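S.K.: To be precise about what I am sending: the file is called work_39.cif and holds mmCIF, C-alpha atoms and all ligand atoms.
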data_coords
loop_
_atom_site.label_atom_id
_atom_site.label_comp_id
_atom_site.auth_asym_id
_atom_site.auth_seq_id
_atom_site.Cartn_x
_atom_site.Cartn_y
_atom_site.Cartn_z
CA MET L 808 15.04 0.49 3.05
CA ALA L 809 11.50 1.32 4.08
CA LEU L 810 8.68 0.36 1.75
CA THR L 811 6.66 3.37 0.79
CA ILE L 812 3.04 4.01 -0.02
CA GLY L 813 2.34 7.26 -1.84
CA ILE L 814 -0.91 9.03 -0.98
CA ILE L 815 -2.26 10.81 -4.04
CA GLY L 816 -5.54 12.43 -5.01
CA LEU L 817 -7.13 15.62 -6.26
CA PRO L 818 -6.60 18.81 -4.23
CA GLN L 819 -8.70 18.99 -1.08
CA SER L 820 -9.69 15.34 -1.17
CA GLY L 821 -8.42 14.83 2.37
CA LYS L 822 -4.96 13.37 1.75
CA THR L 823 -3.22 15.23 4.52
CA THR L 824 -6.09 14.57 6.91
CA LEU L 825 -5.76 10.86 6.12
CA PHE L 826 -1.99 11.07 6.51
CA ASN L 827 -2.48 12.56 9.96
CA ALA L 828 -4.91 9.82 10.89
CA LEU L 829 -2.50 7.15 9.67
CA THR L 830 0.55 8.54 11.31
CA LYS L 831 -0.94 10.39 14.20
CA ALA L 832 1.19 13.26 12.93
CA ASN L 833 0.06 16.83 12.79
CA ALA L 834 0.69 18.06 9.29
CA PRO L 835 -1.12 21.31 8.45
CA ILE L 836 -4.31 20.79 6.41
CA GLY L 837 -6.66 22.91 4.36
CA GLY L 838 -6.08 25.61 1.71
CA TYR L 839 -4.55 24.83 -1.65
CA ALA L 840 -1.01 25.32 -0.46
CA THR L 841 0.52 23.56 -3.37
CA SER L 842 2.58 25.89 -5.50
CA THR L 843 5.77 24.33 -4.26
CA VAL L 844 5.47 20.64 -3.88
CA GLN L 845 6.21 19.58 -0.38
CA ALA L 846 5.71 16.15 1.01
CA ASN L 847 4.89 14.81 4.44
CA ILE L 848 6.70 11.58 5.18
CA ALA L 849 6.21 9.28 8.14
CA VAL L 850 6.91 5.72 9.14
CA VAL L 851 3.96 3.97 10.77
CA GLN L 852 3.58 0.72 12.65
CA VAL L 853 1.57 -2.00 10.96
CA PRO L 854 -1.11 -3.11 13.42
CA ASP L 855 -0.75 -6.82 14.15
CA THR L 856 -3.10 -8.56 16.57
CA ARG L 857 -0.63 -11.40 17.17
CA LEU L 858 1.98 -9.39 19.01
CA GLY L 859 -0.20 -8.51 21.99
CA PRO L 860 -1.03 -12.11 22.99
CA LEU L 861 2.60 -13.16 22.47
CA ALA L 862 3.81 -10.32 24.65
CA GLU L 863 1.44 -11.45 27.37
CA ILE L 864 3.07 -14.87 27.38
CA PHE L 865 6.71 -13.79 27.14
CA ASN L 866 6.51 -10.52 29.00
CA PRO L 867 9.38 -9.21 26.86
CA LYS L 868 11.45 -6.10 27.44
CA LYS L 869 10.41 -4.87 24.03
CA THR L 870 7.62 -5.43 21.49
CA THR L 871 8.41 -4.37 17.94
CA TYR L 872 6.00 -3.99 15.04
CA THR L 873 6.78 -3.94 11.34
CA THR L 874 6.54 -0.59 9.62
CA VAL L 875 5.64 1.02 6.34
CA GLU L 876 6.26 4.55 5.19
CA PHE L 877 3.57 6.91 3.92
CA VAL L 878 4.25 9.93 1.75
CA ASP L 879 1.61 12.62 1.38
CA VAL L 880 2.12 15.00 -1.52
CA ALA L 881 0.23 18.01 -2.84
CA GLY L 882 -2.97 17.50 -4.81
CA MET L 883 -2.76 16.46 -8.42
CA GLY L 884 -4.84 18.12 -11.07
CA GLN L 885 -2.89 21.37 -10.83
CA ASN L 886 -3.11 21.77 -14.58
CA VAL L 887 -6.86 21.65 -14.42
CA GLN L 888 -6.91 23.96 -11.48
CA ALA L 889 -4.88 26.59 -13.24
CA GLY L 890 -7.31 26.35 -16.14
CA LYS L 891 -4.57 25.19 -18.48
CA GLU L 892 -5.83 23.62 -21.66
CA LYS L 893 -2.72 21.65 -22.33
CA ARG L 894 -2.22 18.65 -20.12
CA GLU L 895 1.37 17.77 -19.69
CA GLY L 896 1.43 15.12 -17.08
CA LEU L 897 2.90 15.71 -13.67
CA SER L 898 5.66 18.06 -12.66
CA ALA L 899 9.12 16.70 -12.05
CA GLU L 900 8.95 17.83 -8.45
CA PHE L 901 5.77 15.93 -7.78
CA LEU L 902 7.06 12.89 -9.56
CA GLY L 903 10.17 12.83 -7.43
CA HIS L 904 7.96 12.03 -4.48
CA ILE L 905 5.85 9.27 -5.97
CA ARG L 906 8.02 7.59 -8.58
CA ASN L 907 9.77 5.61 -5.91
CA ALA L 908 6.63 4.68 -4.02
CA ASP L 909 6.05 0.92 -3.96
CA ALA L 910 2.27 1.30 -4.03
CA LEU L 911 -0.32 4.06 -4.25
CA ALA L 912 -3.20 4.95 -1.97
CA ILE L 913 -5.56 6.98 -4.12
CA VAL L 914 -7.83 9.23 -2.08
CA LEU L 915 -11.24 9.88 -3.61
CA ARG L 916 -13.58 12.34 -1.97
CA THR L 917 -17.24 11.49 -1.54
CA PHE L 918 -17.94 13.76 1.43
CA GLY L 919 -19.85 16.93 0.72
CA ASN L 920 -18.84 20.17 2.42
CA ASP L 921 -19.59 23.61 1.05
CA ASN L 922 -16.60 25.02 2.86
CA VAL L 923 -14.20 22.69 1.09
CA PRO L 924 -13.96 23.55 -2.61
CA HIS L 925 -13.73 20.83 -5.25
CA ILE L 926 -11.82 21.63 -8.43
CA TYR L 927 -14.72 20.30 -10.51
CA ASN L 928 -17.34 21.83 -8.20
CA THR L 929 -19.32 18.61 -7.78
CA ILE L 930 -18.82 15.32 -5.95
CA ASP L 931 -18.17 12.40 -8.29
CA PRO L 932 -15.38 10.05 -7.21
CA GLU L 933 -15.44 8.00 -10.41
CA ARG L 934 -14.90 11.10 -12.53
CA ASP L 935 -12.11 12.15 -10.17
CA LEU L 936 -10.50 8.74 -10.57
CA ASP L 937 -10.65 9.06 -14.36
CA SER L 938 -9.07 12.48 -14.10
CA LEU L 939 -6.26 11.23 -11.85
CA ASN L 940 -5.71 8.23 -14.09
CA ALA L 941 -5.50 10.43 -17.15
CA GLU L 942 -2.76 12.45 -15.52
CA LEU L 943 -0.83 9.40 -14.39
CA ILE L 944 -1.20 7.77 -17.80
CA LEU L 945 0.02 10.89 -19.58
CA THR L 946 3.05 10.99 -17.34
CA ASP L 947 3.79 7.34 -18.05
CA LEU L 948 3.36 7.89 -21.75
CA THR L 949 6.01 10.60 -21.63
CA SER L 950 8.42 8.22 -19.86
CA VAL L 951 7.76 5.43 -22.35
CA GLU L 952 8.09 7.65 -25.39
CA ARG L 953 11.32 9.14 -24.16
CA ARG L 954 12.70 5.67 -23.77
CA ILE L 955 11.41 4.64 -27.19
CA ASP L 956 13.42 7.46 -28.78
CA ARG L 957 16.54 6.25 -27.07
CA THR L 958 15.96 2.59 -27.79
CA ALA L 959 15.02 3.20 -31.43
CA LYS L 960 18.45 4.70 -32.04
CA ALA L 961 20.18 1.81 -30.33
CA ALA L 962 18.04 -0.73 -32.19
CA LYS L 963 19.30 0.50 -35.54
CA SER L 964 22.45 -1.55 -35.03
CA GLY L 965 20.22 -4.61 -35.35
CA ASP L 966 20.89 -5.76 -31.79
CA LYS L 967 18.12 -8.20 -30.83
CA LYS L 968 18.05 -6.96 -27.28
CA TYR L 969 17.02 -3.48 -28.34
CA GLN L 970 14.52 -4.76 -30.85
CA ARG L 971 12.80 -6.71 -28.12
CA GLU L 972 12.91 -3.67 -25.87
CA LEU L 973 11.32 -1.58 -28.57
CA GLU L 974 8.53 -4.11 -29.03
CA VAL L 975 7.77 -4.13 -25.32
CA LEU L 976 7.84 -0.36 -25.08
CA ARG L 977 5.45 -0.05 -28.03
CA SER L 978 2.96 -2.37 -26.39
CA TYR L 979 2.99 -0.08 -23.36
CA GLN L 980 2.69 2.95 -25.56
CA ASN L 981 -0.39 1.48 -27.23
CA VAL L 982 -2.14 0.62 -24.02
CA LEU L 983 -1.42 4.02 -22.49
CA ASN L 984 -2.60 5.73 -25.66
CA GLU L 985 -5.93 4.00 -25.17
CA LEU L 986 -6.02 5.65 -21.73
CA LYS L 987 -5.59 2.31 -20.00
CA LEU L 988 -3.30 1.59 -17.08
CA ALA L 989 0.14 0.10 -17.75
CA SER L 990 -0.75 -2.66 -15.29
CA GLU L 991 -3.11 -4.02 -17.96
CA VAL L 992 -0.21 -5.12 -20.12
CA GLU L 993 0.77 -8.69 -19.42
CA LEU L 994 4.41 -8.47 -18.49
CA ASP L 995 6.85 -11.20 -19.43
CA ALA L 996 9.23 -11.88 -16.52
CA GLN L 997 12.27 -11.30 -18.77
CA ASP L 998 11.14 -7.71 -19.38
CA ARG L 999 10.78 -6.84 -15.72
CA PRO L 1000 14.23 -5.15 -15.45
CA LEU L 1001 13.36 -2.79 -18.30
CA LEU L 1002 10.04 -1.89 -16.69
CA ASN L 1003 11.67 -1.36 -13.33
CA GLU L 1004 13.83 1.30 -14.92
CA LEU L 1005 10.78 3.20 -16.12
CA PHE L 1006 9.04 3.56 -12.73
CA LEU L 1007 5.64 3.70 -14.39
CA LEU L 1008 3.02 5.14 -12.07
CA THR L 1009 0.13 3.15 -13.49
CA MET L 1010 1.96 -0.11 -12.89
CA LYS L 1011 2.12 0.36 -9.15
CA PRO L 1012 -0.23 -1.69 -6.99
CA ARG L 1013 -3.02 0.59 -5.84
CA MET L 1014 -5.78 0.89 -3.34
CA TYR L 1015 -8.69 3.29 -3.39
CA VAL L 1016 -9.40 5.16 -0.20
CA LEU L 1017 -12.89 6.62 -0.30
CA ASN L 1018 -13.05 9.62 1.98
CA VAL L 1019 -16.71 9.48 2.95
CA SER L 1020 -18.81 11.70 5.19
CA GLU L 1021 -19.27 10.54 8.77
CA ASP L 1022 -22.95 9.83 8.17
CA ALA L 1023 -22.27 7.51 5.26
CA LEU L 1024 -19.46 5.57 6.91
CA GLY L 1025 -21.61 2.76 8.29
CA SER L 1026 -23.59 2.19 5.09
CA ALA L 1027 -20.43 2.49 2.96
CA ASN L 1028 -18.71 -0.23 4.98
CA GLU L 1029 -21.78 -2.42 4.73
CA LEU L 1030 -21.93 -1.97 0.98
CA LEU L 1031 -18.23 -2.74 0.50
CA GLU L 1032 -18.52 -5.79 2.73
CA LYS L 1033 -21.46 -7.08 0.68
CA MET L 1034 -19.59 -6.59 -2.55
CA ARG L 1035 -16.52 -8.32 -1.15
CA SER L 1036 -18.64 -11.33 -0.21
CA GLY L 1037 -19.88 -11.49 -3.80
CA ALA L 1038 -23.51 -10.66 -2.97
CA GLN L 1039 -25.67 -9.05 -5.64
CA VAL L 1040 -25.92 -5.31 -5.09
CA GLY L 1041 -28.38 -3.09 -6.96
CA PRO L 1042 -28.06 0.58 -7.97
CA GLN L 1043 -27.29 2.99 -5.13
CA GLU L 1044 -28.43 6.48 -4.25
CA GLY L 1045 -26.77 9.62 -2.92
CA GLU L 1046 -23.22 9.33 -1.63
CA LEU L 1047 -23.34 5.56 -1.98
CA LYS L 1048 -23.75 5.88 -5.73
CA GLY L 1049 -20.20 7.10 -6.23
CA ILE L 1050 -18.87 4.68 -3.63
CA PHE L 1051 -20.52 1.82 -5.49
CA ALA L 1052 -19.09 2.97 -8.82
CA VAL L 1053 -15.53 3.07 -7.49
CA ALA L 1054 -15.93 -0.26 -5.73
CA GLN L 1055 -17.06 -1.83 -9.00
CA ARG L 1056 -14.01 -0.44 -10.77
CA ALA L 1057 -11.78 -1.73 -8.01
CA LYS L 1058 -13.32 -5.15 -8.31
CA ALA L 1059 -12.76 -5.24 -12.07
CA GLU L 1060 -9.13 -4.21 -11.58
CA GLY L 1061 -8.49 -6.48 -8.64
CA ALA L 1062 -7.63 -3.37 -6.60
CA GLU L 1063 -8.50 -2.91 -2.95
CA VAL L 1064 -10.97 -0.35 -1.69
CA VAL L 1065 -11.43 1.03 1.82
CA ALA L 1066 -13.89 3.61 3.14
CA VAL L 1067 -12.77 6.03 5.83
CA SER L 1068 -13.86 9.32 7.24
CA ALA L 1069 -10.50 10.98 7.28
CA ARG L 1070 -11.64 13.85 9.46
CA LEU L 1071 -13.24 11.61 12.07
CA GLU L 1072 -10.15 9.41 12.09
CA ALA L 1073 -7.77 12.30 12.44
CA GLU L 1074 -9.80 13.46 15.43
CA LEU L 1075 -9.76 9.97 16.92
CA ALA L 1076 -6.01 9.77 16.43
CA GLU L 1077 -5.62 12.61 18.89
CA LEU L 1078 -7.51 10.85 21.67
CA PRO L 1079 -5.94 8.40 24.12
CA GLU L 1080 -6.37 4.86 22.75
CA GLU L 1081 -9.02 3.83 25.26
CA ASP L 1082 -11.21 6.85 24.59
CA ALA L 1083 -10.82 6.38 20.85
CA ASN L 1084 -11.89 2.74 21.12
CA GLU L 1085 -14.89 3.67 23.21
CA TYR L 1086 -15.89 6.30 20.72
CA LEU L 1087 -15.48 3.84 17.84
CA GLU L 1088 -17.69 1.36 19.59
CA SER L 1089 -20.34 3.98 20.22
CA LEU L 1090 -20.36 4.59 16.46
CA GLY L 1091 -20.71 0.87 15.83
CA LEU L 1092 -17.35 0.66 14.04
CA PRO L 1093 -15.18 -2.41 14.59
CA GLU L 1094 -11.80 -0.79 13.97
CA LEU L 1095 -10.11 2.35 12.77
CA GLY L 1096 -10.30 2.82 9.02
CA ALA L 1097 -6.75 4.12 9.22
CA ASP L 1098 -5.59 0.75 10.51
CA ARG L 1099 -7.34 -0.92 7.59
CA VAL L 1100 -5.56 1.41 5.19
CA ILE L 1101 -2.21 0.47 6.71
CA GLN L 1102 -2.96 -3.25 6.63
CA VAL L 1103 -4.27 -3.23 3.09
CA GLY L 1104 -1.32 -1.08 2.03
CA TYR L 1105 1.04 -3.61 3.58
CA ARG L 1106 -0.67 -6.41 1.66
CA LEU L 1107 -0.36 -4.45 -1.57
CA LEU L 1108 3.37 -4.44 -1.12
CA ASN L 1109 3.35 -8.22 -1.38
CA LEU L 1110 4.76 -8.63 2.09
CA ILE L 1111 4.20 -11.16 4.83
CA THR L 1112 5.06 -11.07 8.50
CA PHE L 1113 6.94 -13.67 10.46
CA LEU L 1114 7.44 -13.47 14.20
CA THR L 1115 10.16 -14.04 16.71
CA ALA L 1116 9.31 -14.44 20.38
CA GLY L 1117 11.40 -14.54 23.53
CA GLU L 1118 11.92 -12.83 26.85
CA ASP L 1119 14.02 -10.07 25.33
CA GLU L 1120 11.75 -9.18 22.48
CA VAL L 1121 8.55 -10.14 20.74
CA ARG L 1122 8.86 -8.92 17.21
CA ALA L 1123 7.22 -8.89 13.80
CA TRP L 1124 9.47 -9.00 10.73
CA THR L 1125 8.74 -8.26 7.11
CA VAL L 1126 9.71 -10.43 4.15
CA THR L 1127 8.54 -10.56 0.58
CA LYS L 1128 5.99 -13.28 -0.09
CA GLY L 1129 7.81 -16.39 -1.28
CA ALA L 1130 11.04 -15.70 0.63
CA LYS L 1131 12.93 -18.77 1.85
CA ALA L 1132 14.16 -19.32 5.39
CA PRO L 1133 17.75 -18.01 4.93
CA GLU L 1134 16.49 -14.77 3.41
CA ALA L 1135 14.15 -14.32 6.36
CA ALA L 1136 17.10 -15.01 8.69
CA GLY L 1137 19.01 -12.28 6.88
CA LYS L 1138 16.36 -9.77 7.92
CA ILE L 1139 17.43 -10.31 11.50
CA HIS L 1140 21.17 -10.41 10.89
CA SER L 1141 23.42 -11.19 7.94
CA ASP L 1142 25.39 -13.62 10.17
CA ILE L 1143 22.26 -15.67 10.75
CA GLU L 1144 21.72 -15.93 7.01
CA ARG L 1145 25.37 -16.78 6.36
CA GLY L 1146 25.53 -19.41 9.07
CA PHE L 1147 21.99 -20.70 8.59
CA ILE L 1148 21.54 -24.28 9.74
CA ARG L 1149 17.80 -24.64 10.12
CA ALA L 1150 14.65 -22.89 11.21
CA GLU L 1151 12.41 -24.05 14.03
CA VAL L 1152 8.90 -23.08 13.03
CA THR L 1153 5.64 -23.00 14.96
CA ARG L 1154 2.40 -21.56 13.60
CA PHE L 1155 1.16 -18.66 15.71
CA GLU L 1156 -2.28 -20.27 16.19
CA ASP L 1157 -0.70 -23.57 17.27
CA PHE L 1158 1.58 -21.81 19.69
CA MET L 1159 -1.29 -19.94 21.30
CA GLU L 1160 -3.04 -23.24 21.95
CA VAL L 1161 -0.14 -24.65 23.95
CA GLY L 1162 1.44 -21.46 25.28
CA SER L 1163 5.15 -22.36 25.29
CA PHE L 1164 7.89 -23.74 23.04
CA PRO L 1165 8.51 -26.89 25.15
CA ALA L 1166 4.78 -27.66 25.01
CA ALA L 1167 4.83 -27.08 21.25
CA VAL L 1168 7.69 -29.57 20.89
CA LYS L 1169 5.83 -32.13 22.98
CA LYS L 1170 2.73 -31.86 20.85
CA GLY L 1171 4.72 -32.04 17.64
CA LEU L 1172 3.76 -28.50 16.68
CA LEU L 1173 7.33 -27.32 16.19
CA ARG L 1174 8.84 -28.21 12.84
CA LEU L 1175 12.44 -28.19 11.69
CA GLU L 1176 12.80 -26.59 8.30
CA GLY L 1177 15.77 -26.25 5.96
CA LYS L 1178 17.09 -23.82 3.39
CA GLU L 1179 14.29 -24.38 0.91
CA TYR L 1180 11.47 -23.66 3.32
CA VAL L 1181 9.19 -20.84 2.15
CA VAL L 1182 8.32 -18.72 5.17
CA GLN L 1183 4.59 -18.24 5.80
CA ASP L 1184 2.71 -15.33 7.31
CA GLY L 1185 2.27 -15.98 11.02
CA ASP L 1186 5.21 -18.36 11.42
CA ILE L 1187 7.00 -18.02 14.73
CA VAL L 1188 10.60 -18.75 13.81
CA HIS L 1189 13.73 -19.51 15.74
CA PHE L 1190 16.86 -19.74 13.59
CA ARG L 1191 19.73 -22.09 14.35
CA PHE L 1192 22.98 -20.84 12.89
CA ASN L 1193 26.71 -21.21 13.13
CA VAL L 1194 29.14 -18.68 11.76
CA GLY L 1195 32.26 -20.62 12.77
CA LYS L 1196 35.52 -18.73 13.15
N1 LIG L 1201 -16.50 16.86 6.04
C1 LIG L 1201 -15.30 16.35 5.86
N2 LIG L 1201 -14.29 17.16 5.61
C2 LIG L 1201 -13.07 16.63 5.41
C3 LIG L 1201 -12.85 15.24 5.49
N3 LIG L 1201 -11.56 15.00 5.25
C4 LIG L 1201 -10.99 16.19 5.02
N4 LIG L 1201 -11.89 17.19 5.13
C5 LIG L 1201 -11.64 18.62 5.00
O1 LIG L 1201 -11.21 18.89 3.69
C6 LIG L 1201 -10.22 19.92 3.69
C7 LIG L 1201 -9.02 19.49 2.94
O2 LIG L 1201 -8.38 18.45 3.63
P1 LIG L 1201 -6.84 18.14 3.39
O3 LIG L 1201 -6.53 16.95 4.18
O4 LIG L 1201 -6.02 19.34 3.59
O5 LIG L 1201 -6.88 17.78 1.82
P2 LIG L 1201 -5.64 17.50 0.88
O6 LIG L 1201 -6.10 16.47 -0.09
O7 LIG L 1201 -4.43 17.19 1.65
O8 LIG L 1201 -5.51 18.88 0.16
P3 LIG L 1201 -4.25 19.43 -0.69
O9 LIG L 1201 -3.01 19.04 -0.02
O10 LIG L 1201 -4.47 20.90 -0.76
O11 LIG L 1201 -4.41 18.81 -2.05
C8 LIG L 1201 -9.96 20.26 5.17
O12 LIG L 1201 -10.68 21.41 5.49
C9 LIG L 1201 -10.49 19.03 5.90
O13 LIG L 1201 -10.94 19.37 7.19
C10 LIG L 1201 -13.95 14.40 5.79
O14 LIG L 1201 -13.82 13.18 5.92
N5 LIG L 1201 -15.15 14.99 5.97
MG MG L 1202 -2.49 18.08 1.63
#
Could the structure of this file be written out as structure tokens, please?
M.R.:
Amino acid sequence: MALTIGIIGLPQSGKTTLFNALTKANAPIGGYATSTVQANIAVVQVPDTRLGPLAEIFNPKKTTYTTVEFVDVAGMGQNVQAGKEKREGLSAEFLGHIRNADALAIVLRTFGNDNVPHIYNTIDPERDLDSLNAELILTDLTSVERRIDRTAKAAKSGDKKYQRELEVLRSYQNVLNELKLASEVELDAQDRPLLNELFLLTMKPRMYVLNVSEDALGSANELLEKMRSGAQVGPQEGELKGIFAVAQRAKAEGAEVVAVSARLEAELAELPEEDANEYLESLGLPELGADRVIQVGYRLLNLITFLTAGEDEVRAWTVTKGAKAPEAAGKIHSDIERGFIRAEVTRFEDFMEVGSFPAAVKKGLLRLEGKEYVVQDGDIVHFRFNVGK
């Protein structure tokens, strides 16, 4: 099953433009075309700079990247847009698309453009984030309260299990009622199955994607880089003010934040790779923001990549962080997991220094690992297995 990142944001924040940049797809943009909730879905390759050099050594028939799936849905804030006083949380249709997402990419607009209306008429990404959060929180509150009704009835029998459940649900209800995210509740591992059943939107790992104007892209990246490095940053002006505010929030939450110019990126995505790279360089940008969004999204999903390399195929594989060698083997084939004997492991960096497996063996850079080995990002693995008769 593909792991999915849901792209959400206010109407006209640039979600579909970002989606197109990410997926090099051509979904129609512009206009509030959101009365029926449709979603764009695409699987994208996760950029990985290790595959290229490996392919140069092995000259394989095939090079295969890992993938993640992005879902782009209509803008939230429809209640506001329709001028409704009562806020009811999100529609069932909309929810269907994002409830199952494994993480959220929240698009916040900081670009100004008189031709692109904003539902609140002004540019203020932090306010937009509060508005989106309020809607997500309200939706979660509805889910939790529905479950509380059910559990309260069951708990009347005096069953300890339901009493515990009720306690946990109430702690979520309280936090949500304070307009805080469900992720702020400290979750006891034993309660995880209950929470998994609720699909709370504000528990999902999230990243903020600031959709900035082309002019501000360079300074936005600089600012974010400074903040990441822990440097002191003073008050900001103009477009950077909102960018700074969101970055501070992200920092406090431990969430990731990336700045992109969705429109520029969508345009670049249509160029041949070489031209796009040249253009990027001329703008003084090291890499596509879209690639950063994919990589950060992949990290949010708590995934790591291990590699297999040979003349047939050089390939990146996805496993959950903490997975042991047999589980990783199972990603390739269930027989390899079943008949697992051991894993031969070389670090990518070590391998690149010597350039071949025999040389890695000679230098003692190839290790033999057993069933308990926890696979690391960047391991090149060869599995030994025997399925018998
Ligand atoms: N100037 C500027 N305009 C942008 C940028 N990104 C998107 N736009 C414009 O904003 C408008 C809306 O973009 P969409 O990608 O359709 O926005 P959306 O969030 O998918 O909108 P809905 O699906 O209606 O909620 C389009 O006219 C885009 O060209 C940007 O980075 N800079
Ligand atoms: Mg759209």
S.K.: Would you tabulate, counting all atoms listed in the file, all residues of segment 927-953 of chain L that have an atom at most 8 Å from an atom of segment 997-1010 of chain L, showing the closest pair of atoms and their distance in Å to one decimal, sorted by chain then ascending number, as JSON lines?
M.R.:
{"residue": "L:Asn940", "atom": "CA", "partner": "L:Thr1009", "partner_atom": "CA", "distance": 7.8}
{"residue": "L:Leu943", "atom": "CA", "partner": "L:Leu1008", "partner_atom": "CA", "distance": 6.2}
{"residue": "L:Ile944", "atom": "CA", "partner": "L:Thr1009", "partner_atom": "CA", "distance": 6.5}
{"residue": "L:Thr946", "atom": "CA", "partner": "L:Leu1008", "partner_atom": "CA", "distance": 7.9}
{"residue": "L:Asp947", "atom": "CA", "partner": "L:Leu1007", "partner_atom": "CA", "distance": 5.5}
{"residue": "L:Ser950", "atom": "CA", "partner": "L:Leu1005", "partner_atom": "CA", "distance": 6.7}
{"residue": "L:Val951", "atom": "CA", "partner": "L:Leu1005", "partner_atom": "CA", "distance": 7.3}
S.K.: Which one is closest to Ile814 of chain L: L:Lys960, L:Arg934, L:Arg1013, L:Arg857? Count only C-alpha atoms.
M.R.: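 The shortest atom-to-atom distance to Ile814 of chain L comes from L:Arg1013.
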S.K.: Counting all atoms listed in the file, what are the residues, protein, DNA or RNA alike, that approach ligand LIG 1201 (chain L) to within 8 Å? I want them as a ChimeraX atom specification.
M.R.: /L:815-826,835-841,879-883,914,916,918-920,922-923,1018-1021,1067-1071
S.K.: From the set L:Leu1114, L:Glu1144, L:Thr1153, L:Thr949, which residue has the shortest atom-to-atom contact distance to Lys1170 of chain L, counting all atoms listed in the file?
M.R.: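 The answer is L:Thr1153, which sits nearest to Lys1170 of chain L.
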S.K.: If I take atom CA of Ile913 of chain L and atom CA of Leu1047 of chain L, how far is one from the other in Å, to one decimal?
M.R.: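 Interatomic distance here is 18.0 Å.
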S.K.: Name the residues, using the chain letters and numbers of the file, that sit within 12 Å of (6.6, -14.4, -1.4) when counting only C-alpha atoms, and give them as an mmCIF file with C-alpha atoms, in the frame of the given file.
M.R.:
data_model
loop_
_atom_site.group_PDB
_atom_site.id
_atom_site.type_symbol
_atom_site.label_atom_id
_atom_site.label_comp_id
_atom_site.auth_asym_id
_atom_site.auth_seq_id
_atom_site.Cartn_x
_atom_site.Cartn_y
_atom_site.Cartn_z
ATOM 1 C CA ARG L 1106 -0.670 -6.410 1.660
ATOM 2 C CA LEU L 1108 3.370 -4.440 -1.120
ATOM 3 C CA ASN L 1109 3.350 -8.220 -1.380
ATOM 4 C CA LEU L 1110 4.760 -8.630 2.090
ATOM 5 C CA ILE L 1111 4.200 -11.160 4.830
ATOM 6 C CA THR L 1112 5.060 -11.070 8.500
ATOM 7 C CA PHE L 1113 6.940 -13.670 10.460
ATOM 8 C CA THR L 1125 8.740 -8.260 7.110
ATOM 9 C CA VAL L 1126 9.710 -10.430 4.150
ATOM 10 C CA THR L 1127 8.540 -10.560 0.580
ATOM 11 C CA LYS L 1128 5.990 -13.280 -0.090
ATOM 12 C CA GLY L 1129 7.810 -16.390 -1.280
ATOM 13 C CA ALA L 1130 11.040 -15.700 0.630
ATOM 14 C CA LYS L 1131 12.930 -18.770 1.850
ATOM 15 C CA ALA L 1132 14.160 -19.320 5.390
ATOM 16 C CA GLU L 1134 16.490 -14.770 3.410
ATOM 17 C CA ALA L 1135 14.150 -14.320 6.360
ATOM 18 C CA TYR L 1180 11.470 -23.660 3.320
ATOM 19 C CA VAL L 1181 9.190 -20.840 2.150
ATOM 20 C CA VAL L 1182 8.320 -18.720 5.170
ATOM 21 C CA GLN L 1183 4.590 -18.240 5.800
ATOM 22 C CA ASP L 1184 2.710 -15.330 7.310
#
